[in-house]
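What follows is a single structure, written as structure tokens, with notes after it.
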Amino acid sequence: MTGVAIIGVGHSVFGTRRDVNIPELCWESMKPAFENANLEPKDIEFFVVGNLGIWSSELAIPAIMAEYADLAPKGSMRVEAACATGSAAIRVGYTAIKSGLADLVLVLGVEKMQESPNPNVIELIGRFGSYFWEFENFGLTFPGYYAMHASAYMMKYGATEEDFAKVAVKAHHYAAKNPYAQFRKEIDVATVMKGPYVAWPLKLFDCSPITDGSACVILASEKKVKELGIEEKVWILSQGVGTGTANLSKREDFTSLASARYAAEQAYKLAGIDDPVKQLDGANVHDCFTAPEVIAYEDLGFCKRGEGYKLAREGQTYIGGKIPVNVDGGLKAKGHPIGATGVSMAVEAYKQLLRKADKGRQADIKNGRWLAHNIGGTGHYAYVTIYGLEKR
Amino acid sequence: MDVKEAIEKMGFPIIPDEKSNAWQWFDVRELKLRYILSVEGIKKFYEGLKEGKLLATKCKCGRIFFPPQKDCPSCKKSEMDWIELKKEGVLETLTVIHVRPTSFSHYDPYAVGIAKLDDGVRILAWYRGEPKLKPGQRVKVEIVKRKEGYQTYELVPI
């Protein structure tokens, strides 16, 4: 089967984007992706839009963009996998090329969450588990689902709220150096600890924000890479995908996400990775809250189960530590426009591996491999993707 | 400024954003969402709750389902027995929802926990008691009437 490469990337500024409508926000990341790949919209054979969309006005974004960006009459679809929507969109583009059905695919992730007022977003996002048994009856919110993992983790391993706070401090440290991030300022542990509880033990600064944003990648087959003479590219080495139960009560424990472990195992096997810390140069993990970043360290095998909080406590996931994680600010401080997040992780992998990251947040690239861990819901969907400079 | 005032003032339902001054069109078509969900397949669960019982389904193959499920994917049969769960177990995790959805804003911050019942199934419900999580905390399930006037179940420390 053919290899699949990212040959162009684009990223909008993440944040409160009252200055643009949906197609304008999409174009903000599509235009640089076209320029980056030296392609025109007419060259694209198929396109995929990752968008959750329940809080925004336009549902037919593929058609909106077919019109706005001259992609008609090419084939398209909109895909959804909660907060892993962006990676699901990449999955569709990746498999379309792998299967030989297309050679050039555009993948766009977009979310305009602030078209709805915050209370509506909180109301809607709480429904990403089992709507009936968890939300309708017991009013679980999205922070609540992860808070139940944070508290179980603290009870089992002795981690503290301060340990989680350090994850937020790191996120803001790198977001301050990322011109596309929503929160471009540093914070300290005391600021996190002073914040009001959203869902105990998670406080305001443990949580990712409500964000508008878009990200875009253009994927190409090996044949197309050669034909176009593309030099700057990053290959998708592998992707693992998992799904978890809707009800949290159907799971065996709350200190790990089984679907993420399953996805990681597949991705590592396909990419020939048996020692991730040694074989990867860094990672983007799904830090929609601080505690799940710590859990991700363990699910991805960056450390043993029960030791993730020590990596956070010791600062081992900064650049220069054991393995750099979320050095773009993560979901926590770069922002989390649901459908765009997985695509934004791919853009970051491209930038890091090609040494195009901003000053102060470029990781040391020795192995030429970067990992993206993108979770939908609370492990309801899990995507682990490994990107590399050299085709396997 | 509301939409009506905006139309009078601006000529359109357009309100400039307070922070950025960027023009925002305020949707004139408002949608209220309320779903209608079938519970026909698990109506015995609600009949049980009315009598103060917490019911689960049990397949002939021995598999127990809670929340109750009509069909068994293990043996592909749909002839379930309804069994009453022992209403005691161990609390496994807990949170307190401080920032509530609007549809729960008439409640004070509430604790939600998951317990593993002695029958082996887990249950998620509100937790009534001091919200502290400690290993091995025993809890019981109480059937109670909630503010909206219908029966539900809660976890209570023993």
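In the structure tokens, chains take the letters A, B, ... in the order shown, each chain's residues start at 1, and ligands count up from 1 in the order shown.
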
Write out as a compact mmCIF listing (two decimals) with C-alpha atoms, in the first residue's frame the residues lying within 9 Å of segment 139-145 of chain A, counting only C-alpha atoms and excluding same-chain residues fewer than 3 positions away.
```
# COMPACT_ATOMS: atom_id res chain seq x y z
CA ILE A 122 -21.82 23.66 28.59
CA GLU A 123 -25.28 22.10 28.25
CA LEU A 124 -24.48 20.47 24.91
CA ILE A 125 -20.95 19.29 25.65
CA GLY A 126 -22.13 17.48 28.78
CA ARG A 127 -23.93 15.04 26.55
CA PHE A 128 -20.84 13.30 25.17
CA GLY A 129 -21.14 10.15 27.22
CA GLU A 134 -25.52 10.22 32.80
CA PHE A 135 -26.67 13.66 31.65
CA GLU A 136 -30.48 13.61 31.60
CA MET A 148 -14.10 11.45 38.15
CA HIS A 149 -10.89 10.16 36.57
CA VAL A 198 -15.54 23.67 37.98
CA ALA A 199 -15.91 20.01 38.91
CA TRP A 200 -13.91 18.95 41.96
CA LEU A 202 -10.67 20.26 38.57
CA CYS A 207 -9.82 23.16 31.94
CA LEU A 248 -18.46 5.32 32.48
CA CYS A 288 -8.75 18.86 27.51
CA PHE A 289 -8.09 18.96 31.27
CA GLY A 377 -15.45 12.20 24.98
CA THR A 378 -13.81 10.51 27.98
CA THR B 95 -16.82 14.50 41.65
CA VAL B 96 -18.75 17.60 42.65
CA ILE B 97 -20.33 19.51 39.80
CA VAL B 99 -20.47 24.69 37.21
CA ARG B 100 -23.88 23.22 36.38
CA PRO B 101 -25.68 23.04 33.06
CA SER B 103 -31.01 22.68 32.96
CA PHE B 104 -29.62 21.74 36.42
CA TYR B 110 -24.16 18.15 43.37
CA VAL B 112 -21.82 12.36 41.34
```

Spatial neighbours of Ile273 of chain A, 12 Å, only C-alpha atoms, chain gap at least 5 places, as a list of chain:residue names: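 After dropping sequence-adjacent residues, the list is A:Leu237, A:Ser238, A:Ala264, A:Glu265, A:Gln266, A:Ala267, A:Tyr268, A:Lys278, A:Gln279, A:Leu280, A:Leu300, A:Gly301, A:Asn367, A:Arg369, A:Trp370, A:Leu371, A:Ile386, A:Tyr387, A:Gly388, A:Arg392.
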
Residues flagged strand (DSSP E or B) by DSSP in chain B, as number ranges by chain: B: 14-16, 23-25, 55-58, 64-65, 81-84, 88-97, 110-117, 122-127, 138-145, 151-157

Minimum-distance residue to chain A, chosen among B:Asp71, B:Glu79, B:Glu30, B:Glu51 (using only C-alpha atoms):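 Closest candidate: B:Glu30.
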
Interface, chain B side, toward chain A (9 Å; only C-alpha atoms) as number ranges by chain: B: 17, 20-24, 27, 37, 66-67, 92-104, 110-116, 121-126, 133-135, 152

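Here the residues within segment 31-87 of chain B that DSSP labels helix (DSSP H, G or I) on the basis of the backbone are B:Glu40, B:Gly41, B:Ile42, B:Lys43, B:Lys44, B:Phe45, B:Tyr46, B:Glu47, B:Gly48, B:Leu49, B:Lys50.
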
Selection export as a CSV table (one decimal), in the first residue's frame, atoms kept: C-alpha atoms:
```
chain,number,residue,atom,x,y,z
B,40,GLU,CA,-40.6,0.7,26.1
B,41,GLY,CA,-37.9,-1.9,26.2
B,42,ILE,CA,-36.9,-1.2,29.8
B,43,LYS,CA,-40.3,-0.2,31.2
B,44,LYS,CA,-39.9,-2.8,34.0
B,45,PHE,CA,-37.0,-0.8,35.3
B,46,TYR,CA,-39.4,2.1,35.9
B,47,GLU,CA,-42.1,-0.1,37.4
B,48,GLY,CA,-39.4,-1.4,39.8
B,49,LEU,CA,-38.2,2.0,40.7
B,50,LYS,CA,-41.8,2.9,41.7
```

For Ser130 of chain A, the nearest of the candidates A:Ala72, A:Ala89, A:Ala246, A:Leu389, counting only C-alpha atoms: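 Answer, going by the shortest atom-to-atom distance: A:Ala246.
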
Neighbour list for Thr211 of chain A as a list in words, cut-off 9 Å, only C-alpha atoms, skip fewer than 3 positions in-chain: Phe14, Gly15, Thr16, Arg17, Glu111, Lys112, Met113, Gln114, Gln182, Ser208, Gly335, His336, Pro337 and Ile338 of chain A

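The protein and nucleic acid residues lying at most 7 Å from Lys366 of chain A are Asp281, Asp364 and Gly368 of chain A, with only C-alpha atoms considered and sequence neighbours fewer than 2 positions away removed.
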
Export, as a PDB file, in the first residue's frame, the selected residues with C-alpha atoms.
```pdb
ATOM      1  CA  ASP A 281      10.932  13.246  19.662  1.00  0.00           C
ATOM      2  CA  ASP A 364      15.097  18.594  19.520  1.00  0.00           C
ATOM      3  CA  GLY A 368      12.131  12.130  13.246  1.00  0.00           C
TER       4      GLY A 368
END
```

Selected residue of minimal separation from Phe12 of chain B among B:Val28, B:Val141, B:Val156, B:Leu85, counting only C-alpha atoms: B:Val28
